[in-house]
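Source file: structure17.cif. Holds: mmCIF, C-alpha atoms and all ligand atoms.
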```cif
data_protein
#
loop_
_atom_site.group_PDB
_atom_site.id
_atom_site.type_symbol
_atom_site.label_atom_id
_atom_site.label_comp_id
_atom_site.auth_asym_id
_atom_site.auth_seq_id
_atom_site.Cartn_x
_atom_site.Cartn_y
_atom_site.Cartn_z
ATOM 1 C CA MET A 1 16.700 -18.236 6.365
ATOM 2 C CA GLU A 2 16.651 -16.954 2.810
ATOM 3 C CA VAL A 3 13.790 -14.718 1.649
ATOM 4 C CA ASN A 4 12.363 -16.378 -1.421
ATOM 5 C CA LEU A 5 9.038 -15.453 -2.974
ATOM 6 C CA LYS A 6 9.503 -17.756 -5.958
ATOM 7 C CA ASP A 7 6.191 -18.187 -7.797
ATOM 8 C CA GLU A 8 4.203 -16.534 -5.000
ATOM 9 C CA VAL A 9 1.348 -14.514 -6.516
ATOM 10 C CA VAL A 10 1.442 -10.945 -5.208
ATOM 11 C CA VAL A 11 -1.076 -8.198 -6.014
ATOM 12 C CA ILE A 12 0.143 -4.628 -5.431
ATOM 13 C CA THR A 13 -2.295 -1.739 -5.771
ATOM 14 C CA GLY A 14 -0.609 1.526 -6.755
ATOM 15 C CA GLY A 15 2.287 -0.620 -7.962
ATOM 16 C CA THR A 16 3.472 1.545 -10.845
ATOM 17 C CA SER A 17 5.038 4.454 -8.977
ATOM 18 C CA GLY A 18 6.760 5.518 -5.782
ATOM 19 C CA ILE A 19 6.576 3.079 -2.879
ATOM 20 C CA GLY A 20 4.422 0.521 -4.747
ATOM 21 C CA LYS A 21 6.870 0.409 -7.647
ATOM 22 C CA ALA A 22 9.847 -0.028 -5.295
ATOM 23 C CA ILE A 23 8.020 -2.955 -3.663
ATOM 24 C CA ALA A 24 7.285 -4.418 -7.102
ATOM 25 C CA GLU A 25 10.953 -4.144 -8.131
ATOM 26 C CA LEU A 26 12.215 -5.858 -4.989
ATOM 27 C CA PHE A 27 9.564 -8.596 -5.101
ATOM 28 C CA ALA A 28 10.261 -9.250 -8.805
ATOM 29 C CA GLN A 29 13.969 -9.647 -7.955
ATOM 30 C CA ASN A 30 12.914 -12.211 -5.342
ATOM 31 C CA GLY A 31 10.960 -14.343 -7.820
ATOM 32 C CA ALA A 32 7.340 -13.292 -7.162
ATOM 33 C CA LYS A 33 4.638 -13.315 -9.843
ATOM 34 C CA LEU A 34 3.225 -9.813 -9.672
ATOM 35 C CA VAL A 35 -0.010 -8.196 -10.747
ATOM 36 C CA LEU A 36 0.018 -4.412 -10.369
ATOM 37 C CA PHE A 37 -3.156 -2.328 -10.134
ATOM 38 C CA GLY A 38 -3.134 1.293 -11.269
ATOM 39 C CA ARG A 39 -5.056 3.763 -13.324
ATOM 40 C CA ASN A 40 -3.258 4.194 -16.641
ATOM 41 C CA GLN A 41 -3.069 1.136 -18.910
ATOM 42 C CA GLU A 42 -0.265 2.443 -21.124
ATOM 43 C CA LYS A 43 1.975 3.559 -18.257
ATOM 44 C CA GLY A 44 1.150 0.415 -16.283
ATOM 45 C CA ASP A 45 2.066 -1.897 -19.153
ATOM 46 C CA GLU A 46 5.343 -0.018 -19.572
ATOM 47 C CA VAL A 47 6.272 -0.374 -15.883
ATOM 48 C CA ALA A 48 5.254 -4.058 -15.834
ATOM 49 C CA LYS A 49 7.373 -4.751 -18.927
ATOM 50 C CA SER A 50 10.387 -3.014 -17.369
ATOM 51 C CA LEU A 51 10.137 -5.311 -14.320
ATOM 52 C CA GLY A 52 10.256 -8.582 -16.267
ATOM 53 C CA GLN A 53 8.032 -11.314 -17.637
ATOM 54 C CA ASN A 54 6.553 -12.288 -14.263
ATOM 55 C CA VAL A 55 4.915 -8.888 -13.893
ATOM 56 C CA SER A 56 1.582 -7.804 -15.377
ATOM 57 C CA PHE A 57 -0.633 -4.760 -15.024
ATOM 58 C CA MET A 58 -4.395 -4.230 -14.741
ATOM 59 C CA ALA A 59 -6.120 -0.841 -14.940
ATOM 60 C CA VAL A 60 -8.398 -0.996 -11.889
ATOM 61 C CA ASP A 61 -9.871 1.887 -9.918
ATOM 62 C CA VAL A 62 -9.366 0.606 -6.370
ATOM 63 C CA ALA A 63 -12.336 2.659 -5.135
ATOM 64 C CA ASP A 64 -14.685 0.732 -7.450
ATOM 65 C CA HIS A 65 -15.947 -2.326 -5.585
ATOM 66 C CA ALA A 66 -17.222 -4.202 -8.648
ATOM 67 C CA ALA A 67 -14.061 -3.488 -10.670
ATOM 68 C CA VAL A 68 -11.752 -4.735 -7.891
ATOM 69 C CA ASP A 69 -13.871 -7.853 -7.368
ATOM 70 C CA ALA A 70 -13.814 -8.651 -11.093
ATOM 71 C CA ALA A 71 -10.042 -8.085 -11.333
ATOM 72 C CA ILE A 72 -9.301 -10.374 -8.366
ATOM 73 C CA LYS A 73 -11.556 -13.087 -9.856
ATOM 74 C CA GLN A 74 -9.679 -12.779 -13.140
ATOM 75 C CA ILE A 75 -6.299 -13.154 -11.381
ATOM 76 C CA LEU A 76 -7.521 -16.213 -9.465
ATOM 77 C CA ALA A 77 -8.633 -17.796 -12.746
ATOM 78 C CA ASP A 78 -5.669 -16.782 -14.936
ATOM 79 C CA VAL A 79 -2.651 -16.595 -12.576
ATOM 80 C CA GLY A 80 -3.588 -18.662 -9.509
ATOM 81 C CA PRO A 81 -4.247 -18.295 -5.768
ATOM 82 C CA ILE A 82 -3.124 -14.950 -4.349
ATOM 83 C CA ASP A 83 -0.469 -15.352 -1.641
ATOM 84 C CA VAL A 84 0.087 -11.689 -0.811
ATOM 85 C CA LEU A 85 -2.085 -8.580 -1.212
ATOM 86 C CA ILE A 86 -0.446 -5.184 -0.758
ATOM 87 C CA ASN A 87 -2.747 -2.162 -0.581
ATOM 88 C CA CYS A 88 -0.506 0.738 -1.530
ATOM 89 C CA ALA A 89 -2.690 2.925 -3.792
ATOM 90 C CA GLY A 90 -3.372 6.274 -2.182
ATOM 91 C CA ILE A 91 -3.943 9.963 -2.780
ATOM 92 C CA THR A 92 -3.863 13.228 -0.856
ATOM 93 C CA LYS A 93 -6.189 16.226 -1.252
ATOM 94 C CA ASP A 94 -4.824 18.470 1.461
ATOM 95 C CA LYS A 95 -6.821 21.438 2.764
ATOM 96 C CA LEU A 96 -7.738 22.840 6.144
ATOM 97 C CA LEU A 97 -11.103 21.357 7.136
ATOM 98 C CA MET A 98 -12.650 24.806 6.868
ATOM 99 C CA ARG A 99 -11.923 24.770 3.122
ATOM 100 C CA MET A 100 -12.314 21.053 2.446
ATOM 101 C CA ASP A 101 -15.076 20.152 -0.009
ATOM 102 C CA GLU A 102 -17.169 17.037 0.353
ATOM 103 C CA SER A 103 -15.509 15.623 -2.776
ATOM 104 C CA ASP A 104 -12.014 16.091 -1.214
ATOM 105 C CA TRP A 105 -13.212 14.020 1.733
ATOM 106 C CA ASP A 106 -15.034 11.366 -0.305
ATOM 107 C CA ASP A 107 -12.241 10.851 -2.858
ATOM 108 C CA VAL A 108 -9.523 10.357 -0.226
ATOM 109 C CA LEU A 109 -11.654 8.056 1.924
ATOM 110 C CA SER A 110 -12.753 5.995 -1.093
ATOM 111 C CA ILE A 111 -9.318 5.562 -2.665
ATOM 112 C CA ASN A 112 -7.337 5.118 0.552
ATOM 113 C CA LEU A 113 -9.761 3.254 2.823
ATOM 114 C CA LYS A 114 -12.737 1.802 0.952
ATOM 115 C CA SER A 115 -10.154 0.287 -1.413
ATOM 116 C CA CYS A 116 -8.960 -1.929 1.463
ATOM 117 C CA TYR A 117 -12.502 -3.199 2.036
ATOM 118 C CA ASN A 118 -12.825 -3.841 -1.707
ATOM 119 C CA SER A 119 -9.595 -5.790 -2.192
ATOM 120 C CA CYS A 120 -9.571 -7.637 1.152
ATOM 121 C CA LYS A 121 -13.192 -8.731 0.691
ATOM 122 C CA ALA A 122 -12.298 -10.151 -2.719
ATOM 123 C CA VAL A 123 -9.214 -12.135 -1.593
ATOM 124 C CA LEU A 124 -10.624 -13.284 1.747
ATOM 125 C CA ARG A 125 -12.419 -16.509 0.819
ATOM 126 C CA PRO A 126 -9.681 -17.844 -1.478
ATOM 127 C CA MET A 127 -6.995 -17.097 1.157
ATOM 128 C CA LEU A 128 -9.046 -18.778 3.892
ATOM 129 C CA LYS A 129 -9.619 -21.795 1.663
ATOM 130 C CA ALA A 130 -5.856 -22.019 1.066
ATOM 131 C CA LYS A 131 -5.281 -21.483 4.844
ATOM 132 C CA LYS A 132 -2.517 -19.117 3.773
ATOM 133 C CA GLY A 133 -2.183 -15.475 2.880
ATOM 134 C CA LYS A 134 -0.679 -12.167 3.859
ATOM 135 C CA VAL A 135 -2.207 -8.727 3.602
ATOM 136 C CA ILE A 136 -0.003 -5.650 3.913
ATOM 137 C CA ASN A 137 -1.714 -2.276 4.146
ATOM 138 C CA VAL A 138 0.390 0.822 3.545
ATOM 139 C CA THR A 139 -0.897 3.407 5.990
ATOM 140 C CA SER A 140 1.046 6.478 7.235
ATOM 141 C CA VAL A 141 2.516 8.000 10.382
ATOM 142 C CA VAL A 142 -0.109 10.715 9.788
ATOM 143 C CA GLY A 143 -2.765 8.114 10.707
ATOM 144 C CA LEU A 144 -1.016 7.739 14.076
ATOM 145 C CA MET A 145 -0.207 11.360 14.895
ATOM 146 C CA GLY A 146 -2.488 13.585 12.765
ATOM 147 C CA ASN A 147 -1.406 16.504 10.594
ATOM 148 C CA PRO A 148 -2.987 19.915 9.977
ATOM 149 C CA GLY A 149 -4.455 20.124 6.472
ATOM 150 C CA GLN A 150 -4.866 16.359 6.268
ATOM 151 C CA THR A 151 -8.037 15.490 8.225
ATOM 152 C CA ASN A 152 -9.270 13.418 5.277
ATOM 153 C CA TYR A 153 -5.927 11.655 4.716
ATOM 154 C CA ALA A 154 -5.286 11.078 8.455
ATOM 155 C CA ALA A 155 -8.806 9.671 8.903
ATOM 156 C CA SER A 156 -8.306 7.313 5.963
ATOM 157 C CA LYS A 157 -4.917 6.111 7.242
ATOM 158 C CA ALA A 158 -6.115 5.726 10.865
ATOM 159 C CA GLY A 159 -9.110 3.875 9.417
ATOM 160 C CA MET A 160 -6.769 1.470 7.627
ATOM 161 C CA ILE A 161 -5.109 0.665 10.953
ATOM 162 C CA GLY A 162 -8.416 -0.081 12.725
ATOM 163 C CA PHE A 163 -9.568 -2.083 9.708
ATOM 164 C CA SER A 164 -6.327 -4.111 9.641
ATOM 165 C CA LYS A 165 -6.340 -4.911 13.370
ATOM 166 C CA SER A 166 -9.991 -6.016 13.204
ATOM 167 C CA LEU A 167 -9.395 -8.167 10.130
ATOM 168 C CA ALA A 168 -6.240 -9.618 11.703
ATOM 169 C CA LYS A 169 -8.374 -10.768 14.661
ATOM 170 C CA GLU A 170 -11.013 -12.248 12.339
ATOM 171 C CA LEU A 171 -8.451 -14.219 10.339
ATOM 172 C CA ALA A 172 -5.709 -15.000 12.878
ATOM 173 C CA GLY A 173 -4.161 -18.416 12.415
ATOM 174 C CA ARG A 174 -4.797 -18.495 8.683
ATOM 175 C CA VAL A 175 -4.055 -15.071 7.196
ATOM 176 C CA GLN A 176 -1.771 -12.384 8.614
ATOM 177 C CA VAL A 177 -2.741 -8.730 8.230
ATOM 178 C CA ASN A 178 -0.155 -6.057 9.032
ATOM 179 C CA CYS A 179 0.449 -2.387 8.241
ATOM 180 C CA ILE A 180 3.487 -0.366 7.297
ATOM 181 C CA ALA A 181 3.347 3.283 8.359
ATOM 182 C CA PRO A 182 5.888 5.199 6.261
ATOM 183 C CA GLY A 183 7.088 8.569 7.468
ATOM 184 C CA TYR A 184 8.189 11.121 4.904
ATOM 185 C CA ILE A 185 9.299 9.280 1.749
ATOM 186 C CA GLU A 186 10.663 10.812 -1.463
ATOM 187 C CA THR A 187 7.973 10.112 -4.117
ATOM 188 C CA LYS A 188 5.596 11.939 -6.457
ATOM 189 C CA MET A 189 3.199 12.346 -3.508
ATOM 190 C CA THR A 190 5.700 14.496 -1.596
ATOM 191 C CA ASP A 191 7.244 16.223 -4.661
ATOM 192 C CA SER A 192 4.785 19.092 -4.584
ATOM 193 C CA LEU A 193 5.817 20.260 -1.092
ATOM 194 C CA SER A 194 7.844 23.481 -1.056
ATOM 195 C CA SER A 195 11.465 23.367 0.118
ATOM 196 C CA THR A 196 10.404 25.204 3.300
ATOM 197 C CA GLN A 197 7.724 22.567 3.991
ATOM 198 C CA LYS A 198 10.237 19.781 3.281
ATOM 199 C CA GLN A 199 12.791 21.318 5.656
ATOM 200 C CA ALA A 200 10.118 21.680 8.371
ATOM 201 C CA ILE A 201 9.370 17.957 8.056
ATOM 202 C CA VAL A 202 13.039 16.945 8.067
ATOM 203 C CA ASP A 203 13.488 18.987 11.262
ATOM 204 C CA GLN A 204 10.901 16.693 12.962
ATOM 205 C CA ILE A 205 12.722 13.496 11.931
ATOM 206 C CA PRO A 206 15.268 12.273 14.499
ATOM 207 C CA MET A 207 17.376 10.724 11.695
ATOM 208 C CA LYS A 208 17.319 14.122 9.882
ATOM 209 C CA ARG A 209 16.667 12.790 6.407
ATOM 210 C CA ILE A 210 13.744 11.786 4.228
ATOM 211 C CA GLY A 211 13.255 8.108 3.443
ATOM 212 C CA GLN A 212 13.567 6.326 0.119
ATOM 213 C CA PRO A 213 10.851 4.059 -1.364
ATOM 214 C CA GLU A 214 13.243 1.063 -1.231
ATOM 215 C CA GLU A 215 13.410 1.443 2.552
ATOM 216 C CA ILE A 216 9.676 0.701 2.695
ATOM 217 C CA ALA A 217 10.035 -2.154 0.193
ATOM 218 C CA PHE A 218 12.523 -3.985 2.472
ATOM 219 C CA VAL A 219 9.952 -4.010 5.297
ATOM 220 C CA ALA A 220 7.219 -5.136 2.888
ATOM 221 C CA LEU A 221 9.459 -8.046 1.844
ATOM 222 C CA PHE A 222 9.870 -9.039 5.501
ATOM 223 C CA LEU A 223 6.082 -8.888 6.074
ATOM 224 C CA ALA A 224 5.378 -10.890 2.905
ATOM 225 C CA SER A 225 7.911 -13.598 3.791
ATOM 226 C CA PRO A 226 7.779 -16.470 6.293
ATOM 227 C CA LEU A 227 10.185 -14.430 8.478
ATOM 228 C CA SER A 228 7.099 -12.624 9.852
ATOM 229 C CA ASN A 229 4.812 -15.664 10.253
ATOM 230 C CA TYR A 230 4.190 -15.018 13.970
ATOM 231 C CA MET A 231 3.141 -11.374 13.435
ATOM 232 C CA THR A 232 -0.350 -10.092 12.801
ATOM 233 C CA GLY A 233 -2.280 -6.885 13.466
ATOM 234 C CA GLN A 234 0.918 -4.858 13.761
ATOM 235 C CA VAL A 235 1.851 -1.410 12.494
ATOM 236 C CA LEU A 236 5.518 -1.041 11.612
ATOM 237 C CA SER A 237 6.547 2.616 11.437
ATOM 238 C CA VAL A 238 9.349 3.164 8.945
ATOM 239 C CA ASP A 239 9.993 6.830 9.495
ATOM 240 C CA GLY A 240 13.504 7.701 10.643
ATOM 241 C CA GLY A 241 12.203 7.719 14.220
ATOM 242 C CA MET A 242 9.289 10.177 13.870
ATOM 243 C CA ILE A 243 7.022 7.902 15.928
ATOM 244 C CA MET A 244 8.641 6.349 18.973
HETATM 245 N N1 LIG B 1 5.413 9.354 0.125
HETATM 246 C C1 LIG B 1 5.205 9.444 1.424
HETATM 247 O O1 LIG B 1 5.852 10.228 2.130
HETATM 248 C C2 LIG B 1 4.199 8.544 2.090
HETATM 249 C C3 LIG B 1 4.155 8.542 3.484
HETATM 250 C C4 LIG B 1 3.230 7.741 4.126
HETATM 251 C C5 LIG B 1 2.377 6.926 3.409
HETATM 252 N N2 LIG B 1 2.441 6.945 2.052
HETATM 253 C C6 LIG B 1 1.485 6.064 1.341
HETATM 254 O O2 LIG B 1 2.187 5.237 0.460
HETATM 255 C C7 LIG B 1 1.329 4.868 -0.635
HETATM 256 C C8 LIG B 1 2.080 5.113 -1.939
HETATM 257 O O3 LIG B 1 2.304 6.509 -2.093
HETATM 258 P P1 LIG B 1 3.547 7.108 -2.905
HETATM 259 O O4 LIG B 1 4.218 8.069 -2.029
HETATM 260 O O5 LIG B 1 4.324 6.009 -3.526
HETATM 261 O O6 LIG B 1 2.788 8.004 -4.001
HETATM 262 P P2 LIG B 1 2.500 7.790 -5.544
HETATM 263 O O7 LIG B 1 1.606 8.919 -5.914
HETATM 264 O O8 LIG B 1 3.759 7.607 -6.289
HETATM 265 O O9 LIG B 1 1.696 6.410 -5.579
HETATM 266 C C9 LIG B 1 0.315 6.298 -5.426
HETATM 267 C C10 LIG B 1 -0.183 5.239 -6.380
HETATM 268 O O10 LIG B 1 -1.589 5.037 -6.184
HETATM 269 C C11 LIG B 1 -2.198 4.871 -7.449
HETATM 270 N N3 LIG B 1 -3.608 5.248 -7.379
HETATM 271 C C12 LIG B 1 -4.136 6.432 -6.946
HETATM 272 N N4 LIG B 1 -5.472 6.393 -7.061
HETATM 273 C C13 LIG B 1 -5.798 5.177 -7.554
HETATM 274 C C14 LIG B 1 -7.021 4.542 -7.884
HETATM 275 N N5 LIG B 1 -8.206 5.152 -7.735
HETATM 276 N N6 LIG B 1 -6.980 3.263 -8.361
HETATM 277 C C15 LIG B 1 -5.804 2.630 -8.536
HETATM 278 N N7 LIG B 1 -4.608 3.173 -8.220
HETATM 279 C C16 LIG B 1 -4.613 4.437 -7.746
HETATM 280 C C17 LIG B 1 -1.425 5.816 -8.363
HETATM 281 O O11 LIG B 1 -1.596 5.443 -9.720
HETATM 282 C C18 LIG B 1 -0.011 5.634 -7.864
HETATM 283 O O12 LIG B 1 0.615 4.559 -8.531
HETATM 284 C C19 LIG B 1 0.067 5.718 -0.487
HETATM 285 O O13 LIG B 1 -0.956 4.937 0.093
HETATM 286 C C20 LIG B 1 0.497 6.821 0.466
HETATM 287 O O14 LIG B 1 -0.583 7.324 1.211
HETATM 288 C C21 LIG B 1 3.311 7.737 1.371
#
```
Represent the structure contained in this file as structure tokens.
Ligand SMILES: NC(=O)c1ccc[n+]([C@@H]2O[C@H](COP(=O)([O-])OP(=O)(O)OC[C@H]3O[C@@H](n4cnc5c(N)ncnc54)[C@H](O)[C@@H]3O)[C@@H](O)[C@H]2O)c1
Amino acid sequence: MEVNLKDEVVVITGGTSGIGKAIAELFAQNGAKLVLFGRNQEKGDEVAKSLGQNVSFMAVDVADHAAVDAAIKQILADVGPIDVLINCAGITKDKLLMRMDESDWDDVLSINLKSCYNSCKAVLRPMLKAKKGKVINVTSVVGLMGNPGQTNYAASKAGMIGFSKSLAKELAGRVQVNCIAPGYIETKMTDSLSSTQKQAIVDQIPMKRIGQPEEIAFVALFLASPLSNYMTGQVLSVDGGMIM
């Protein structure tokens, strides 16, 4: 079977950099009509333009319930029914819990986890009406195994998994909800780690290398396509073997 997303409407949050951008590139090559959510209008328009005429950008803060709801309504009216929603926007604010401020906790939980409530709530009814839809939530291996200095991030990513499994059970038969749990992937998010920290992570990876954003995009394409129609509520770790 050929993977063909021709004219499927796909919304990707955090779609202008790193993993989200790699997913956008691959999906654009496979014919999807893409709407990317991000924070910076100028940068977003530039990325969308570079990916072709089927790609557009909206500046939407994914933590803002009303803004996400309004943006989804606008897409439904202007572009058409949403076939695939990919929640990929995310941040880290790493600190040991002892030093973690309330704002470090709230920001990470709002952008990484509440965002999933916001976007899924907005696409739910239209997807159910169409009896068709796929939601892909980009979580992390850290949500499965924990990591010192990342209580806020790990809680948000573990929360995404519980959220996705519950929603998958609510919607089974009509909409599939699955997660991808990337391991250590080379993006802006991991750029700031020191070479010692990077080496320590690589030492924990059985395949002994960091992953590339495209390697996550291939799995997203599988989950967005009919090839995965009998899968829901799953977490696919794409991590060089870190979790097994
Ligand atoms: N890089 C890794 O090793 C790794 C590992 C596991 C999981 N992840 C997850 O993958 C996803 C993508 O991360 P990445 O590595 O590509 O990093 P990245 O920093 O390149 O991408 C994050 C994206 O989220 C967007 N974003 C942040 N806050 C936002 C907000 N309030 N509203 C809208 N958009 C917002 C940013 O603009 C950016 O495009 C994240 O959810 C991250 O937690 C990354």
Residues of chain A at most 9 Å from ligand LIG 1 (chain B): nearest atom pair and distance in Å, all atoms listed in the file, as CSV:
```
residue,atom,partner,partner_atom,distance
A:Thr13,CA,B:LIG1,N7,6.0
A:Gly14,CA,B:LIG1,O10,3.7
A:Gly15,CA,B:LIG1,O12,5.5
A:Thr16,CA,B:LIG1,O12,4.8
A:Ser17,CA,B:LIG1,O8,4.3
A:Gly18,CA,B:LIG1,O5,3.4
A:Ile19,CA,B:LIG1,O5,3.8
A:Gly20,CA,B:LIG1,O5,5.6
A:Lys21,CA,B:LIG1,O5,7.4
A:Ala22,CA,B:LIG1,O5,8.4
A:Phe37,CA,B:LIG1,C15,5.8
A:Gly38,CA,B:LIG1,N7,3.9
A:Arg39,CA,B:LIG1,C15,5.0
A:Asn40,CA,B:LIG1,O11,7.2
A:Gly44,CA,B:LIG1,O11,8.7
A:Ala59,CA,B:LIG1,C15,7.3
A:Val60,CA,B:LIG1,C15,5.6
A:Asp61,CA,B:LIG1,N6,3.6
A:Val62,CA,B:LIG1,N6,4.1
A:Ala63,CA,B:LIG1,N5,5.5
A:Asp64,CA,B:LIG1,N5,7.8
A:Asn87,CA,B:LIG1,O13,7.4
A:Cys88,CA,B:LIG1,O13,4.5
A:Ala89,CA,B:LIG1,O10,3.4
A:Gly90,CA,B:LIG1,O13,3.6
A:Ile91,CA,B:LIG1,C12,5.5
A:Thr92,CA,B:LIG1,O14,7.1
A:Asp107,CA,B:LIG1,N5,8.5
A:Val108,CA,B:LIG1,N4,8.9
A:Ser110,CA,B:LIG1,N5,8.1
A:Ile111,CA,B:LIG1,N5,5.2
A:Asn112,CA,B:LIG1,O13,6.4
A:Ser115,CA,B:LIG1,N6,8.2
A:Asn137,CA,B:LIG1,O13,8.3
A:Val138,CA,B:LIG1,O13,5.5
A:Thr139,CA,B:LIG1,C5,5.5
A:Ser140,CA,B:LIG1,C4,4.0
A:Val141,CA,B:LIG1,C4,6.3
A:Val142,CA,B:LIG1,C4,7.2
A:Gly143,CA,B:LIG1,C4,8.9
A:Tyr153,CA,B:LIG1,O14,7.7
A:Lys157,CA,B:LIG1,O14,7.5
A:Ile180,CA,B:LIG1,C5,8.3
A:Ala181,CA,B:LIG1,C4,6.1
A:Pro182,CA,B:LIG1,C4,4.3
A:Gly183,CA,B:LIG1,C3,4.9
A:Tyr184,CA,B:LIG1,O1,3.7
A:Ile185,CA,B:LIG1,O1,3.6
A:Glu186,CA,B:LIG1,N1,5.7
A:Thr187,CA,B:LIG1,O4,4.8
A:Lys188,CA,B:LIG1,O8,4.7
A:Met189,CA,B:LIG1,O6,4.4
A:Thr190,CA,B:LIG1,N1,5.4
A:Asp191,CA,B:LIG1,N1,8.6
A:Ile210,CA,B:LIG1,O1,8.3
A:Gly211,CA,B:LIG1,O1,7.8
A:Gln212,CA,B:LIG1,N1,8.7
A:Pro213,CA,B:LIG1,O5,7.1
A:Asp239,CA,B:LIG1,C3,8.6
```
Using C-alpha atoms, can you write the selected residues to a file as a PDB file, keeping the file's coordinate frame?
```
ATOM      1  CA  THR A  13      -2.295  -1.739  -5.771  1.00  0.00           C
ATOM      2  CA  GLY A  14      -0.609   1.526  -6.755  1.00  0.00           C
ATOM      3  CA  GLY A  15       2.287  -0.620  -7.962  1.00  0.00           C
ATOM      4  CA  THR A  16       3.472   1.545 -10.845  1.00  0.00           C
ATOM      5  CA  SER A  17       5.038   4.454  -8.977  1.00  0.00           C
ATOM      6  CA  GLY A  18       6.760   5.518  -5.782  1.00  0.00           C
ATOM      7  CA  ILE A  19       6.576   3.079  -2.879  1.00  0.00           C
ATOM      8  CA  GLY A  20       4.422   0.521  -4.747  1.00  0.00           C
ATOM      9  CA  LYS A  21       6.870   0.409  -7.647  1.00  0.00           C
ATOM     10  CA  ALA A  22       9.847  -0.028  -5.295  1.00  0.00           C
ATOM     11  CA  PHE A  37      -3.156  -2.328 -10.134  1.00  0.00           C
ATOM     12  CA  GLY A  38      -3.134   1.293 -11.269  1.00  0.00           C
ATOM     13  CA  ARG A  39      -5.056   3.763 -13.324  1.00  0.00           C
ATOM     14  CA  ASN A  40      -3.258   4.194 -16.641  1.00  0.00           C
ATOM     15  CA  GLY A  44       1.150   0.415 -16.283  1.00  0.00           C
ATOM     16  CA  ALA A  59      -6.120  -0.841 -14.940  1.00  0.00           C
ATOM     17  CA  VAL A  60      -8.398  -0.996 -11.889  1.00  0.00           C
ATOM     18  CA  ASP A  61      -9.871   1.887  -9.918  1.00  0.00           C
ATOM     19  CA  VAL A  62      -9.366   0.606  -6.370  1.00  0.00           C
ATOM     20  CA  ALA A  63     -12.336   2.659  -5.135  1.00  0.00           C
ATOM     21  CA  ASP A  64     -14.685   0.732  -7.450  1.00  0.00           C
ATOM     22  CA  ASN A  87      -2.747  -2.162  -0.581  1.00  0.00           C
ATOM     23  CA  CYS A  88      -0.506   0.738  -1.530  1.00  0.00           C
ATOM     24  CA  ALA A  89      -2.690   2.925  -3.792  1.00  0.00           C
ATOM     25  CA  GLY A  90      -3.372   6.274  -2.182  1.00  0.00           C
ATOM     26  CA  ILE A  91      -3.943   9.963  -2.780  1.00  0.00           C
ATOM     27  CA  THR A  92      -3.863  13.228  -0.856  1.00  0.00           C
ATOM     28  CA  ASP A 107     -12.241  10.851  -2.858  1.00  0.00           C
ATOM     29  CA  VAL A 108      -9.523  10.357  -0.226  1.00  0.00           C
ATOM     30  CA  SER A 110     -12.753   5.995  -1.093  1.00  0.00           C
ATOM     31  CA  ILE A 111      -9.318   5.562  -2.665  1.00  0.00           C
ATOM     32  CA  ASN A 112      -7.337   5.118   0.552  1.00  0.00           C
ATOM     33  CA  SER A 115     -10.154   0.287  -1.413  1.00  0.00           C
ATOM     34  CA  ASN A 137      -1.714  -2.276   4.146  1.00  0.00           C
ATOM     35  CA  VAL A 138       0.390   0.822   3.545  1.00  0.00           C
ATOM     36  CA  THR A 139      -0.897   3.407   5.990  1.00  0.00           C
ATOM     37  CA  SER A 140       1.046   6.478   7.235  1.00  0.00           C
ATOM     38  CA  VAL A 141       2.516   8.000  10.382  1.00  0.00           C
ATOM     39  CA  VAL A 142      -0.109  10.715   9.788  1.00  0.00           C
ATOM     40  CA  GLY A 143      -2.765   8.114  10.707  1.00  0.00           C
ATOM     41  CA  TYR A 153      -5.927  11.655   4.716  1.00  0.00           C
ATOM     42  CA  LYS A 157      -4.917   6.111   7.242  1.00  0.00           C
ATOM     43  CA  ILE A 180       3.487  -0.366   7.297  1.00  0.00           C
ATOM     44  CA  ALA A 181       3.347   3.283   8.359  1.00  0.00           C
ATOM     45  CA  PRO A 182       5.888   5.199   6.261  1.00  0.00           C
ATOM     46  CA  GLY A 183       7.088   8.569   7.468  1.00  0.00           C
ATOM     47  CA  TYR A 184       8.189  11.121   4.904  1.00  0.00           C
ATOM     48  CA  ILE A 185       9.299   9.280   1.749  1.00  0.00           C
ATOM     49  CA  GLU A 186      10.663  10.812  -1.463  1.00  0.00           C
ATOM     50  CA  THR A 187       7.973  10.112  -4.117  1.00  0.00           C
ATOM     51  CA  LYS A 188       5.596  11.939  -6.457  1.00  0.00           C
ATOM     52  CA  MET A 189       3.199  12.346  -3.508  1.00  0.00           C
ATOM     53  CA  THR A 190       5.700  14.496  -1.596  1.00  0.00           C
ATOM     54  CA  ASP A 191       7.244  16.223  -4.661  1.00  0.00           C
ATOM     55  CA  ILE A 210      13.744  11.786   4.228  1.00  0.00           C
ATOM     56  CA  GLY A 211      13.255   8.108   3.443  1.00  0.00           C
ATOM     57  CA  GLN A 212      13.567   6.326   0.119  1.00  0.00           C
ATOM     58  CA  PRO A 213      10.851   4.059  -1.364  1.00  0.00           C
ATOM     59  CA  ASP A 239       9.993   6.830   9.495  1.00  0.00           C
TER      60      ASP A 239
END
```
Return as a CSV table (one decimal) with C-alpha atoms, keeping the file's coordinate frame the set of residues that the PyMOL selection byres (((chain A and resi 2) around 10) and not hetatm) yields on the displayed structure.
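Output file result06.csv follows:
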```csv
chain,number,residue,atom,x,y,z
A,1,MET,CA,16.7,-18.2,6.4
A,3,VAL,CA,13.8,-14.7,1.6
A,4,ASN,CA,12.4,-16.4,-1.4
A,5,LEU,CA,9.0,-15.5,-3.0
A,225,SER,CA,7.9,-13.6,3.8
A,226,PRO,CA,7.8,-16.5,6.3
A,227,LEU,CA,10.2,-14.4,8.5
```
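Pairwise distance (atom CA of Gly233 of chain A, atom CA of Ala172 of chain A) equals 8.8 Å.
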Calculate how many Å separate atom CA of Val55 of chain A from atom CA of Val9 of chain A, rounding to one decimal.
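Separating atom CA of Val55 of chain A from atom CA of Val9 of chain A is a distance of 9.9 Å.
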